[in-house]
$ cat target17.cif   # mmCIF, C-alpha atoms
data_data
#
loop_
_atom_site.group_PDB
_atom_site.id
_atom_site.type_symbol
_atom_site.label_atom_id
_atom_site.label_comp_id
_atom_site.auth_asym_id
_atom_site.auth_seq_id
_atom_site.Cartn_x
_atom_site.Cartn_y
_atom_site.Cartn_z
ATOM 1 C CA MET A 1 0.000 0.000 0.000
ATOM 2 C CA LYS A 2 1.335 3.438 -0.975
ATOM 3 C CA LEU A 3 0.838 5.581 2.112
ATOM 4 C CA ASN A 4 0.260 9.319 1.926
ATOM 5 C CA TYR A 5 2.980 11.326 3.625
ATOM 6 C CA LYS A 6 4.358 14.839 3.959
ATOM 7 C CA LYS A 7 8.106 15.294 3.628
ATOM 8 C CA THR A 8 9.969 18.273 5.033
ATOM 9 C CA GLY A 9 13.364 19.252 6.407
ATOM 10 C CA THR A 10 16.948 18.149 5.838
ATOM 11 C CA GLY A 11 19.161 15.621 7.563
ATOM 12 C CA GLU A 12 18.759 12.018 8.640
ATOM 13 C CA PRO A 13 15.267 10.571 8.140
ATOM 14 C CA LEU A 14 12.776 10.691 11.018
ATOM 15 C CA ILE A 15 9.443 8.980 10.319
ATOM 16 C CA ILE A 16 6.474 9.887 12.538
ATOM 17 C CA LEU A 17 3.263 7.853 12.830
ATOM 18 C CA HIS A 18 0.051 9.211 14.379
ATOM 19 C CA GLY A 19 -2.457 7.413 16.595
ATOM 20 C CA LEU A 20 -5.998 6.115 16.147
ATOM 21 C CA PHE A 21 -8.431 8.579 14.504
ATOM 22 C CA GLY A 22 -5.461 10.849 13.731
ATOM 23 C CA SER A 23 -3.440 11.851 10.687
ATOM 24 C CA ALA A 24 -0.042 13.162 9.664
ATOM 25 C CA ASP A 25 -1.194 16.718 10.431
ATOM 26 C CA ASN A 26 -1.307 15.915 14.171
ATOM 27 C CA TRP A 27 2.497 16.175 14.290
ATOM 28 C CA PHE A 28 2.982 19.115 11.914
ATOM 29 C CA SER A 29 3.817 21.686 14.621
ATOM 30 C CA ILE A 30 6.371 19.308 16.156
ATOM 31 C CA ALA A 31 7.889 18.675 12.742
ATOM 32 C CA LYS A 32 8.296 22.390 12.052
ATOM 33 C CA GLU A 33 10.627 22.625 15.045
ATOM 34 C CA LEU A 34 12.687 19.591 13.974
ATOM 35 C CA GLU A 35 13.012 20.141 10.234
ATOM 36 C CA LYS A 36 16.382 21.920 10.516
ATOM 37 C CA ASP A 37 17.900 18.741 11.916
ATOM 38 C CA TYR A 38 16.013 15.906 10.214
ATOM 39 C CA THR A 39 14.256 14.939 7.011
ATOM 40 C CA LEU A 40 10.790 14.309 8.386
ATOM 41 C CA TYR A 41 8.190 11.977 6.961
ATOM 42 C CA LEU A 42 4.753 12.605 8.485
ATOM 43 C CA VAL A 43 2.737 9.564 7.504
ATOM 44 C CA ASP A 44 -0.987 8.814 7.243
ATOM 45 C CA GLN A 45 -1.387 5.181 8.276
ATOM 46 C CA ARG A 46 -3.794 3.046 6.273
ATOM 47 C CA ASN A 47 -7.489 3.822 6.862
ATOM 48 C CA HIS A 48 -6.535 7.317 8.069
ATOM 49 C CA GLY A 49 -6.001 10.707 6.467
ATOM 50 C CA ASP A 50 -5.313 10.620 2.724
ATOM 51 C CA SER A 51 -3.861 7.111 2.677
ATOM 52 C CA PRO A 52 -5.774 4.276 0.980
ATOM 53 C CA GLN A 53 -8.467 2.370 2.828
ATOM 54 C CA SER A 54 -8.610 -1.377 3.239
ATOM 55 C CA GLU A 55 -10.470 -4.052 5.159
ATOM 56 C CA ASP A 56 -7.052 -5.487 6.060
ATOM 57 C CA TRP A 57 -6.059 -3.603 9.194
ATOM 58 C CA ASN A 58 -3.603 -4.919 11.772
ATOM 59 C CA TYR A 59 -0.090 -4.220 12.984
ATOM 60 C CA LYS A 60 1.487 -6.742 10.611
ATOM 61 C CA VAL A 61 0.178 -4.983 7.507
ATOM 62 C CA MET A 62 0.820 -1.531 8.985
ATOM 63 C CA ALA A 63 4.456 -2.500 9.578
ATOM 64 C CA GLU A 64 4.649 -3.762 6.002
ATOM 65 C CA ASP A 65 3.195 -0.444 4.796
ATOM 66 C CA LEU A 66 6.034 1.353 6.562
ATOM 67 C CA MET A 67 8.612 -0.943 4.972
ATOM 68 C CA GLU A 68 7.156 -0.216 1.529
ATOM 69 C CA LEU A 69 7.394 3.522 2.167
ATOM 70 C CA MET A 70 11.037 3.215 3.237
ATOM 71 C CA ASP A 71 11.842 1.080 0.198
ATOM 72 C CA ASP A 72 10.154 3.567 -2.142
ATOM 73 C CA GLN A 73 12.083 6.439 -0.565
ATOM 74 C CA LYS A 74 15.316 4.409 -0.620
ATOM 75 C CA ILE A 75 15.735 4.811 3.151
ATOM 76 C CA ASP A 76 18.179 2.198 4.432
ATOM 77 C CA ALA A 77 17.499 2.974 8.106
ATOM 78 C CA ALA A 78 15.652 5.728 9.946
ATOM 79 C CA TYR A 79 14.668 7.144 13.288
ATOM 80 C CA LEU A 80 11.070 6.158 14.066
ATOM 81 C CA MET A 81 8.512 7.803 16.340
ATOM 82 C CA GLY A 82 4.937 6.677 16.850
ATOM 83 C CA HIS A 83 2.128 7.799 19.134
ATOM 84 C CA SER A 84 -0.393 5.340 20.614
ATOM 85 C CA MET A 85 -1.496 3.118 17.689
ATOM 86 C CA GLY A 86 1.476 4.504 15.752
ATOM 87 C CA GLY A 87 3.685 3.511 18.677
ATOM 88 C CA LYS A 88 2.527 -0.075 18.372
ATOM 89 C CA THR A 89 3.170 0.042 14.630
ATOM 90 C CA VAL A 90 6.778 1.171 15.095
ATOM 91 C CA MET A 91 7.306 -1.435 17.835
ATOM 92 C CA ALA A 92 6.026 -4.178 15.510
ATOM 93 C CA PHE A 93 8.204 -2.817 12.709
ATOM 94 C CA ALA A 94 11.373 -2.637 14.833
ATOM 95 C CA LEU A 95 10.917 -6.178 16.104
ATOM 96 C CA GLN A 96 10.394 -7.472 12.549
ATOM 97 C CA PHE A 97 12.934 -5.282 10.714
ATOM 98 C CA PRO A 98 15.516 -4.234 13.340
ATOM 99 C CA GLU A 99 18.152 -3.365 10.751
ATOM 100 C CA LYS A 100 15.890 -0.591 9.419
ATOM 101 C CA VAL A 101 15.662 1.317 12.715
ATOM 102 C CA LYS A 102 18.486 3.442 14.161
ATOM 103 C CA LYS A 103 16.600 4.666 17.220
ATOM 104 C CA MET A 104 12.921 4.559 18.168
ATOM 105 C CA ILE A 105 10.593 6.728 20.240
ATOM 106 C CA VAL A 106 7.292 5.267 21.435
ATOM 107 C CA ALA A 107 4.850 7.925 22.655
ATOM 108 C CA ASP A 108 2.468 6.923 25.463
ATOM 109 C CA ILE A 109 1.822 3.280 24.729
ATOM 110 C CA ALA A 110 3.264 -0.033 25.951
ATOM 111 C CA PRO A 111 3.493 -3.360 24.077
ATOM 112 C CA ARG A 112 0.828 -5.039 26.239
ATOM 113 C CA TYR A 113 -2.797 -5.760 25.341
ATOM 114 C CA TYR A 114 -5.222 -2.891 25.977
ATOM 115 C CA PRO A 115 -8.925 -3.618 26.485
ATOM 116 C CA LEU A 116 -11.495 -1.867 24.306
ATOM 117 C CA HIS A 117 -12.153 1.710 25.410
ATOM 118 C CA HIS A 118 -13.211 3.589 22.271
ATOM 119 C CA GLN A 119 -16.826 2.425 22.116
ATOM 120 C CA VAL A 120 -18.392 5.786 23.009
ATOM 121 C CA ILE A 121 -16.261 7.594 20.423
ATOM 122 C CA LEU A 122 -17.269 5.089 17.753
ATOM 123 C CA GLU A 123 -20.939 5.366 18.719
ATOM 124 C CA GLY A 124 -20.713 9.123 18.378
ATOM 125 C CA LEU A 125 -18.915 9.075 15.027
ATOM 126 C CA ASN A 126 -21.313 6.502 13.597
ATOM 127 C CA ALA A 127 -24.281 8.603 14.765
ATOM 128 C CA ILE A 128 -23.289 11.440 12.406
ATOM 129 C CA PRO A 129 -25.160 11.144 9.066
ATOM 130 C CA VAL A 130 -22.302 12.488 6.950
ATOM 131 C CA ASP A 131 -24.396 12.359 3.769
ATOM 132 C CA LYS A 132 -27.037 14.654 5.292
ATOM 133 C CA ILE A 133 -25.287 17.197 7.516
ATOM 134 C CA LYS A 134 -24.857 20.722 6.163
ATOM 135 C CA SER A 135 -21.999 21.960 8.333
ATOM 136 C CA ARG A 136 -19.311 20.915 10.778
ATOM 137 C CA LYS A 137 -21.442 22.432 13.518
ATOM 138 C CA ASP A 138 -24.164 19.892 12.706
ATOM 139 C CA ALA A 139 -21.615 17.120 13.232
ATOM 140 C CA ASP A 140 -20.282 18.683 16.418
ATOM 141 C CA ASP A 141 -23.777 19.073 17.867
ATOM 142 C CA ILE A 142 -24.427 15.344 17.367
ATOM 143 C CA LEU A 143 -21.019 14.299 18.682
ATOM 144 C CA ALA A 144 -21.482 16.476 21.779
ATOM 145 C CA GLY A 145 -24.242 14.082 22.845
ATOM 146 C CA TYR A 146 -21.571 11.431 23.250
ATOM 147 C CA ILE A 147 -18.374 13.348 24.043
ATOM 148 C CA ARG A 148 -18.474 16.395 26.306
ATOM 149 C CA ASN A 149 -14.817 17.398 25.864
ATOM 150 C CA MET A 150 -14.684 19.964 23.057
ATOM 151 C CA GLY A 151 -10.967 19.393 22.405
ATOM 152 C CA ILE A 152 -11.531 15.688 21.766
ATOM 153 C CA ARG A 153 -14.464 16.494 19.462
ATOM 154 C CA GLN A 154 -12.360 18.978 17.498
ATOM 155 C CA PHE A 155 -9.611 16.384 17.106
ATOM 156 C CA LEU A 156 -12.053 13.719 15.892
ATOM 157 C CA LEU A 157 -13.783 16.059 13.459
ATOM 158 C CA LYS A 158 -10.477 16.798 11.711
ATOM 159 C CA SER A 159 -11.176 13.506 9.939
ATOM 160 C CA LEU A 160 -14.402 14.918 8.489
ATOM 161 C CA GLY A 161 -13.560 16.131 4.989
ATOM 162 C CA ARG A 162 -15.336 17.411 1.910
ATOM 163 C CA ASN A 163 -16.108 15.139 -1.032
ATOM 164 C CA GLU A 164 -16.123 16.018 -4.730
ATOM 165 C CA LYS A 165 -19.785 17.058 -4.613
ATOM 166 C CA GLY A 166 -19.207 19.522 -1.786
ATOM 167 C CA GLY A 167 -20.732 17.326 0.893
ATOM 168 C CA PHE A 168 -19.007 15.635 3.811
ATOM 169 C CA GLU A 169 -17.235 12.308 4.091
ATOM 170 C CA TRP A 170 -14.976 10.568 6.582
ATOM 171 C CA LYS A 171 -11.256 10.520 5.786
ATOM 172 C CA ILE A 172 -10.935 7.591 8.165
ATOM 173 C CA ASN A 173 -12.305 4.167 7.226
ATOM 174 C CA LEU A 174 -14.938 4.310 9.943
ATOM 175 C CA LYS A 175 -16.593 1.044 8.910
ATOM 176 C CA THR A 176 -13.432 -1.068 9.173
ATOM 177 C CA ILE A 177 -12.212 0.726 12.304
ATOM 178 C CA THR A 178 -15.581 0.083 13.975
ATOM 179 C CA GLU A 179 -15.638 -3.576 12.958
ATOM 180 C CA LYS A 180 -12.006 -4.265 13.881
ATOM 181 C CA ILE A 181 -11.393 -1.859 16.756
ATOM 182 C CA GLU A 182 -10.064 -4.699 18.911
ATOM 183 C CA ILE A 183 -6.872 -4.863 16.808
ATOM 184 C CA VAL A 184 -5.761 -1.460 18.130
ATOM 185 C CA GLY A 185 -5.278 -2.963 21.575
ATOM 186 C CA GLU A 186 -3.464 -6.099 20.448
ATOM 187 C CA GLU A 187 -0.256 -7.077 22.202
ATOM 188 C CA ILE A 188 3.059 -6.599 20.410
ATOM 189 C CA ASP A 189 5.402 -9.501 21.105
ATOM 190 C CA SER A 190 8.426 -11.291 19.684
ATOM 191 C CA ASP A 191 10.986 -13.936 20.589
ATOM 192 C CA HIS A 192 13.729 -11.621 19.314
ATOM 193 C CA PRO A 193 14.226 -8.317 21.162
ATOM 194 C CA PHE A 194 15.076 -5.030 19.471
ATOM 195 C CA ASP A 195 18.480 -3.970 20.797
ATOM 196 C CA ASN A 196 18.887 -0.440 19.458
ATOM 197 C CA PRO A 197 18.196 2.630 21.644
ATOM 198 C CA THR A 198 14.510 3.078 22.385
ATOM 199 C CA LEU A 199 12.683 5.747 24.371
ATOM 200 C CA PHE A 200 9.219 5.272 25.844
ATOM 201 C CA MET A 201 7.831 8.771 26.343
ATOM 202 C CA GLY A 202 4.709 8.776 28.498
ATOM 203 C CA GLY A 203 2.415 11.484 29.751
ATOM 204 C CA GLU A 204 2.668 12.103 33.508
ATOM 205 C CA ASN A 205 -1.137 12.250 33.782
ATOM 206 C CA SER A 206 -1.759 9.280 31.499
ATOM 207 C CA ASP A 207 -2.187 5.673 32.587
ATOM 208 C CA TYR A 208 -1.083 4.130 29.287
ATOM 209 C CA ILE A 209 2.445 3.245 30.485
ATOM 210 C CA GLN A 210 2.206 1.703 33.940
ATOM 211 C CA GLU A 211 4.687 0.270 36.418
ATOM 212 C CA SER A 212 3.533 -3.235 35.451
ATOM 213 C CA ASP A 213 4.532 -2.575 31.818
ATOM 214 C CA LYS A 214 8.227 -2.136 32.615
ATOM 215 C CA ALA A 215 9.071 -5.852 32.580
ATOM 216 C CA ASP A 216 7.648 -6.376 29.084
ATOM 217 C CA ILE A 217 9.325 -3.215 27.827
ATOM 218 C CA ALA A 218 12.696 -4.360 29.198
ATOM 219 C CA ARG A 219 12.264 -7.848 27.709
ATOM 220 C CA LEU A 220 11.403 -6.662 24.195
ATOM 221 C CA PHE A 221 13.496 -3.489 24.192
ATOM 222 C CA PRO A 222 16.468 -4.108 26.508
ATOM 223 C CA ASN A 223 18.231 -0.903 25.423
ATOM 224 C CA SER A 224 15.280 1.288 26.411
ATOM 225 C CA SER A 225 14.416 3.981 28.921
ATOM 226 C CA ILE A 226 11.112 5.456 30.086
ATOM 227 C CA ILE A 227 10.447 9.122 30.794
ATOM 228 C CA TYR A 228 7.245 10.987 31.583
ATOM 229 C CA ILE A 229 6.378 14.432 30.230
ATOM 230 C CA LYS A 230 5.164 16.626 33.101
ATOM 231 C CA ASN A 231 1.624 18.033 33.018
ATOM 232 C CA ALA A 232 0.734 15.924 29.995
ATOM 233 C CA GLY A 233 -1.856 13.254 29.380
ATOM 234 C CA HIS A 234 -2.172 10.824 26.463
ATOM 235 C CA TRP A 235 -2.021 13.648 23.868
ATOM 236 C CA LEU A 236 1.392 14.738 25.161
ATOM 237 C CA HIS A 237 2.533 16.254 21.845
ATOM 238 C CA ALA A 238 -0.496 18.568 21.806
ATOM 239 C CA GLU A 239 -0.428 19.383 25.533
ATOM 240 C CA GLN A 240 3.332 19.912 26.025
ATOM 241 C CA PRO A 241 4.890 20.358 22.568
ATOM 242 C CA ALA A 242 8.012 22.200 23.778
ATOM 243 C CA ALA A 243 8.863 19.418 26.248
ATOM 244 C CA VAL A 244 8.271 16.752 23.604
ATOM 245 C CA ILE A 245 10.520 18.554 21.108
ATOM 246 C CA GLU A 246 13.277 18.945 23.707
ATOM 247 C CA THR A 247 13.013 15.265 24.645
ATOM 248 C CA VAL A 248 13.138 14.110 21.018
ATOM 249 C CA ARG A 249 16.195 16.241 20.298
ATOM 250 C CA ALA A 250 18.002 15.037 23.414
ATOM 251 C CA PHE A 251 17.335 11.375 22.650
ATOM 252 C CA LEU A 252 18.127 11.428 18.943
ATOM 253 C CA GLY A 253 21.178 13.619 19.498
#
$ encode --input "target17.cif" --output "structure tokens"
Amino acid sequence: MKLNYKKTGTGEPLIILHGLFGSADNWFSIAKELEKDYTLYLVDQRNHGDSPQSEDWNYKVMAEDLMELMDDQKIDAAYLMGHSMGGKTVMAFALQFPEKVKKMIVADIAPRYYPLHHQVILEGLNAIPVDKIKSRKDADDILAGYIRNMGIRQFLLKSLGRNEKGGFEWKINLKTITEKIEIVGEEIDSDHPFDNPTLFMGGENSDYIQESDKADIARLFPNSSIIYIKNAGHWLHAEQPAAVIETVRAFLG
């Protein structure tokens, strides 16, 4: 699958993968601060953004998508960074293709299994009749019945785009994501650890990387460290961008 991506900057390649319901644009402000030091590839994962949609959706195929992108761009090895679902994709990729990864940053996710917790979001998104609404406000009014947090609604509605006829359509593959949402929480595992430097960057106010995760992280990524961004939750790059940029620079050198 030929993924959509945005390329900017100069230097060694740094590939960034967004999380569930997100897109490459989620990391644009971070990339702007790093483009003097790295050639950045901001990638839309399959079923998100402007990348193709498919009923095949799991971490194996998403890792293969990333390999195809690197092959097409003639990238022998790169720095990788992924948030949440994107973090699991880069973990799966590094464990399968370790020679392609110089260093890796995993943002607020661990390799363990996560139980389903997106049902309300999916109910809200599926309640929006995209073929009938006249404005984004119509969509927001419906979504507000499910999600009270305006910031989360604004993030989700970034995936609501215009079609060729001037109406609305989802840029995410909502049908497949709804049907296969359990894959997002799947465990990442391997009999062969990834030995290159790895940073797990959690949010201080998030519960995604817990004390009980440290054993699995050390087993799969023995050359890893864990830090927590102060005053940040799961969306650490949006809540504390300056701290995230500083941490990325310090780790990648």
$ residues_near_point --input "target17.cif" --point "(-17.5, 24.0, 10.7)" --cutoff "12 Å" --atoms "only C-alpha atoms" --output "NGL selection string"
:A and (133-141 or 153-154 or 157-158 or 160-162 or 168)
$ closest_residue --input "target17.cif" --among "A:Asp108, A:Asp216, A:Glu64, A:Asp44" --to "Leu236 (chain A)" --atoms "all atoms listed in the file"
A:Asp108
$ closest_atom_pairs --input "target17.cif" --of "region 47-93 of chain A" --to "region 170-192 of chain A" --cutoff "8 Å" --atoms "all atoms listed in the file" --output "JSON lines"
{"residue": "A:Asn47", "atom": "CA", "partner": "A:Asn173", "partner_atom": "CA", "distance": 4.8}
{"residue": "A:His48", "atom": "CA", "partner": "A:Ile172", "partner_atom": "CA", "distance": 4.4}
{"residue": "A:Gly49", "atom": "CA", "partner": "A:Lys171", "partner_atom": "CA", "distance": 5.3}
{"residue": "A:Asp50", "atom": "CA", "partner": "A:Lys171", "partner_atom": "CA", "distance": 6.7}
{"residue": "A:Gln53", "atom": "CA", "partner": "A:Asn173", "partner_atom": "CA", "distance": 6.1}
{"residue": "A:Ser54", "atom": "CA", "partner": "A:Thr176", "partner_atom": "CA", "distance": 7.7}
{"residue": "A:Glu55", "atom": "CA", "partner": "A:Thr176", "partner_atom": "CA", "distance": 5.8}
{"residue": "A:Trp57", "atom": "CA", "partner": "A:Lys180", "partner_atom": "CA", "distance": 7.6}
{"residue": "A:Asn58", "atom": "CA", "partner": "A:Ile183", "partner_atom": "CA", "distance": 6.0}
{"residue": "A:Tyr59", "atom": "CA", "partner": "A:Ile183", "partner_atom": "CA", "distance": 7.8}
{"residue": "A:Met85", "atom": "CA", "partner": "A:Val184", "partner_atom": "CA", "distance": 6.3}
{"residue": "A:Lys88", "atom": "CA", "partner": "A:Ile188", "partner_atom": "CA", "distance": 6.9}
{"residue": "A:Met91", "atom": "CA", "partner": "A:Ile188", "partner_atom": "CA", "distance": 7.2}
{"residue": "A:Ala92", "atom": "CA", "partner": "A:Ile188", "partner_atom": "CA", "distance": 6.2}
$ write_last_selection --input "target17.cif" --atoms "C-alpha atoms" --output "compact mmCIF listing (two decimals), keeping the file's coordinate frame"
# COMPACT_ATOMS: atom_id res chain seq x y z
CA ASN A 47 -7.49 3.82 6.86
CA HIS A 48 -6.54 7.32 8.07
CA GLY A 49 -6.00 10.71 6.47
CA ASP A 50 -5.31 10.62 2.72
CA GLN A 53 -8.47 2.37 2.83
CA SER A 54 -8.61 -1.38 3.24
CA GLU A 55 -10.47 -4.05 5.16
CA TRP A 57 -6.06 -3.60 9.19
CA ASN A 58 -3.60 -4.92 11.77
CA TYR A 59 -0.09 -4.22 12.98
CA MET A 85 -1.50 3.12 17.69
CA LYS A 88 2.53 -0.08 18.37
CA MET A 91 7.31 -1.44 17.84
CA ALA A 92 6.03 -4.18 15.51
$ closest_residue --input "target17.cif" --among "A:Ile128, A:Leu20, A:Ile30, A:Ile209" --to "Gln240 (chain A)" --atoms "all atoms listed in the file"
A:Ile30
$ resolve_selection --input "target17.cif" --expression "the PyMOL selection byres ((chain A and resi 107) around 7)" --output "list in words"
Gly82, His83, Ser84, Gly87, Ile105, Val106, Asp108, Ile109, Phe200, Met201 and Gly202 of chain A
$ write_last_selection --input "target17.cif" --atoms "C-alpha atoms" --output "PDB file, in the coordinates of the input"
ATOM      1  CA  GLY A  82       4.937   6.677  16.850  1.00  0.00           C
ATOM      2  CA  HIS A  83       2.128   7.799  19.134  1.00  0.00           C
ATOM      3  CA  SER A  84      -0.393   5.340  20.614  1.00  0.00           C
ATOM      4  CA  GLY A  87       3.685   3.511  18.677  1.00  0.00           C
ATOM      5  CA  ILE A 105      10.593   6.728  20.240  1.00  0.00           C
ATOM      6  CA  VAL A 106       7.292   5.267  21.435  1.00  0.00           C
ATOM      7  CA  ASP A 108       2.468   6.923  25.463  1.00  0.00           C
ATOM      8  CA  ILE A 109       1.822   3.280  24.729  1.00  0.00           C
ATOM      9  CA  PHE A 200       9.219   5.272  25.844  1.00  0.00           C
ATOM     10  CA  MET A 201       7.831   8.771  26.343  1.00  0.00           C
ATOM     11  CA  GLY A 202       4.709   8.776  28.498  1.00  0.00           C
TER      12      GLY A 202
END
$ build_atoms --input "target17.cif" --residues "region 104-113 of chain A" --atoms "all heavy atoms" --output "PDB file, keeping the file's coordinate frame"
ATOM      1  N   MET A 104      14.376   4.541  18.205  1.00  0.00           N
ATOM      2  CA  MET A 104      12.921   4.559  18.168  1.00  0.00           C
ATOM      3  C   MET A 104      12.355   5.274  19.389  1.00  0.00           C
ATOM      4  O   MET A 104      12.849   5.095  20.507  1.00  0.00           O
ATOM      5  CB  MET A 104      12.387   3.125  18.099  1.00  0.00           C
ATOM      6  CG  MET A 104      10.871   3.020  18.056  1.00  0.00           C
ATOM      7  SD  MET A 104      10.315   1.318  17.735  1.00  0.00           S
ATOM      8  CE  MET A 104      10.897   0.475  19.216  1.00  0.00           C
ATOM      9  N   ILE A 105      11.326   6.077  19.154  1.00  0.00           N
ATOM     10  CA  ILE A 105      10.593   6.728  20.240  1.00  0.00           C
ATOM     11  C   ILE A 105       9.151   6.245  20.187  1.00  0.00           C
ATOM     12  O   ILE A 105       8.489   6.331  19.146  1.00  0.00           O
ATOM     13  CB  ILE A 105      10.641   8.266  20.109  1.00  0.00           C
ATOM     14  CG1 ILE A 105      12.081   8.767  20.159  1.00  0.00           C
ATOM     15  CG2 ILE A 105       9.807   8.915  21.219  1.00  0.00           C
ATOM     16  CD1 ILE A 105      12.217  10.258  19.891  1.00  0.00           C
ATOM     17  N   VAL A 106       8.671   5.739  21.313  1.00  0.00           N
ATOM     18  CA  VAL A 106       7.292   5.267  21.435  1.00  0.00           C
ATOM     19  C   VAL A 106       6.562   6.204  22.386  1.00  0.00           C
ATOM     20  O   VAL A 106       6.930   6.325  23.558  1.00  0.00           O
ATOM     21  CB  VAL A 106       7.260   3.819  21.970  1.00  0.00           C
ATOM     22  CG1 VAL A 106       5.814   3.344  22.126  1.00  0.00           C
ATOM     23  CG2 VAL A 106       8.034   2.887  21.045  1.00  0.00           C
ATOM     24  N   ALA A 107       5.546   6.900  21.874  1.00  0.00           N
ATOM     25  CA  ALA A 107       4.850   7.925  22.655  1.00  0.00           C
ATOM     26  C   ALA A 107       3.576   7.369  23.283  1.00  0.00           C
ATOM     27  O   ALA A 107       2.611   7.037  22.586  1.00  0.00           O
ATOM     28  CB  ALA A 107       4.530   9.135  21.779  1.00  0.00           C
ATOM     29  N   ASP A 108       3.596   7.256  24.585  1.00  0.00           N
ATOM     30  CA  ASP A 108       2.468   6.923  25.463  1.00  0.00           C
ATOM     31  C   ASP A 108       1.702   5.668  25.064  1.00  0.00           C
ATOM     32  O   ASP A 108       0.474   5.680  24.922  1.00  0.00           O
ATOM     33  CB  ASP A 108       1.512   8.113  25.586  1.00  0.00           C
ATOM     34  CG  ASP A 108       0.827   8.110  26.962  1.00  0.00           C
ATOM     35  OD1 ASP A 108       1.544   8.024  27.969  1.00  0.00           O
ATOM     36  OD2 ASP A 108      -0.418   8.177  27.031  1.00  0.00           O
ATOM     37  N   ILE A 109       2.429   4.594  24.932  1.00  0.00           N
ATOM     38  CA  ILE A 109       1.822   3.280  24.729  1.00  0.00           C
ATOM     39  C   ILE A 109       2.862   2.233  25.129  1.00  0.00           C
ATOM     40  O   ILE A 109       4.063   2.480  25.029  1.00  0.00           O
ATOM     41  CB  ILE A 109       1.381   3.068  23.257  1.00  0.00           C
ATOM     42  CG1 ILE A 109       0.361   1.934  23.115  1.00  0.00           C
ATOM     43  CG2 ILE A 109       2.560   2.869  22.344  1.00  0.00           C
ATOM     44  CD1 ILE A 109      -1.037   2.296  23.510  1.00  0.00           C
ATOM     45  N   ALA A 110       2.397   1.095  25.605  1.00  0.00           N
ATOM     46  CA  ALA A 110       3.264  -0.033  25.951  1.00  0.00           C
ATOM     47  C   ALA A 110       2.940  -1.197  25.019  1.00  0.00           C
ATOM     48  O   ALA A 110       1.933  -1.170  24.306  1.00  0.00           O
ATOM     49  CB  ALA A 110       3.053  -0.432  27.417  1.00  0.00           C
ATOM     50  N   PRO A 111       3.767  -2.229  24.987  1.00  0.00           N
ATOM     51  CA  PRO A 111       3.493  -3.360  24.077  1.00  0.00           C
ATOM     52  C   PRO A 111       2.350  -4.267  24.519  1.00  0.00           C
ATOM     53  O   PRO A 111       1.902  -5.105  23.738  1.00  0.00           O
ATOM     54  CB  PRO A 111       4.821  -4.124  24.049  1.00  0.00           C
ATOM     55  CG  PRO A 111       5.548  -3.715  25.281  1.00  0.00           C
ATOM     56  CD  PRO A 111       5.116  -2.315  25.587  1.00  0.00           C
ATOM     57  N   ARG A 112       1.843  -4.116  25.723  1.00  0.00           N
ATOM     58  CA  ARG A 112       0.828  -5.039  26.239  1.00  0.00           C
ATOM     59  C   ARG A 112      -0.523  -4.879  25.526  1.00  0.00           C
ATOM     60  O   ARG A 112      -0.759  -3.936  24.778  1.00  0.00           O
ATOM     61  CB  ARG A 112       0.612  -4.788  27.738  1.00  0.00           C
ATOM     62  CG  ARG A 112      -0.006  -3.431  28.051  1.00  0.00           C
ATOM     63  CD  ARG A 112      -0.329  -3.313  29.528  1.00  0.00           C
ATOM     64  NE  ARG A 112      -0.477  -1.936  29.951  1.00  0.00           N
ATOM     65  CZ  ARG A 112      -1.637  -1.280  29.971  1.00  0.00           C
ATOM     66  NH1 ARG A 112      -2.734  -1.877  29.568  1.00  0.00           N
ATOM     67  NH2 ARG A 112      -1.684  -0.026  30.394  1.00  0.00           N
ATOM     68  N   TYR A 113      -1.411  -5.827  25.816  1.00  0.00           N
ATOM     69  CA  TYR A 113      -2.797  -5.760  25.341  1.00  0.00           C
ATOM     70  C   TYR A 113      -3.555  -4.684  26.098  1.00  0.00           C
ATOM     71  O   TYR A 113      -3.427  -4.556  27.323  1.00  0.00           O
ATOM     72  CB  TYR A 113      -3.488  -7.115  25.543  1.00  0.00           C
ATOM     73  CG  TYR A 113      -4.989  -7.058  25.412  1.00  0.00           C
ATOM     74  CD1 TYR A 113      -5.595  -6.971  24.161  1.00  0.00           C
ATOM     75  CD2 TYR A 113      -5.806  -7.059  26.552  1.00  0.00           C
ATOM     76  CE1 TYR A 113      -6.976  -6.904  24.045  1.00  0.00           C
ATOM     77  CE2 TYR A 113      -7.184  -6.990  26.445  1.00  0.00           C
ATOM     78  CZ  TYR A 113      -7.760  -6.913  25.185  1.00  0.00           C
ATOM     79  OH  TYR A 113      -9.133  -6.832  25.075  1.00  0.00           O
TER      80      TYR A 113
END
